[in-house]
Amino acid sequence: MDRYYVGTTDDVLKRLCEHNSGFYNESFTVKVIPWELSLSFECESSQKAYGLEKFLKRMKSRVFFRKSNKLIRIS
């Protein structure tokens with residue numbers, strides 16, 4: 001898969017399951033099922049989470065996400 005989803009949620013695993021089940025059937029995410037979690041950040045507030053989401057969405061670079069994924073691995 002060469003697509004990356006950036007979003008904010010209180011429950012990452014629940015959101016991942018929702019996207020992979022087609023729960024958001026009007027969303028672009030339904031077109032590239034299955035999604036895999038490659039990177040997750042926990043923020044101390046919703047405000048900071050939305051700020052990080054906005055920053056990541058502005059990057060719009062597969063190279064950025066690939067390099068980030070190599071630097072910070074999920075165990």
# chains A, B, ... in the order shown; residues from 1 in each chain; ligands from 1
>>> residues_around(residues="Lys57 of chain A", least_positions_apart="5", cutoff="12 Å", atoms="only C-alpha atoms", output="ChimeraX atom specification")
/A:4-8,50-52,62,64-65
>>> select_by_dssp(residues="chain A", states="alpha helix (DSSP H)", output="ChimeraX atom specification")
/A:12-21,46-59,62-71
>>> residues_around(residues="Trp35 of chain A", least_positions_apart="5", cutoff="12 Å", atoms="only C-alpha atoms", output="PyMOL selection string")
chain A and resi 1-6+13+15-22+28-30
>>> atom_distance(atom1="atom CA of Lys14 of chain A", atom2="atom CA of Val63 of chain A")
27.1 Å
>>> atom_distance(atom1="atom CA of Leu39 of chain A", atom2="atom CA of Thr9 of chain A")
13.3 Å
>>> atom_distance(atom1="atom CA of Arg66 of chain A", atom2="atom CA of Leu37 of chain A")
12.9 Å
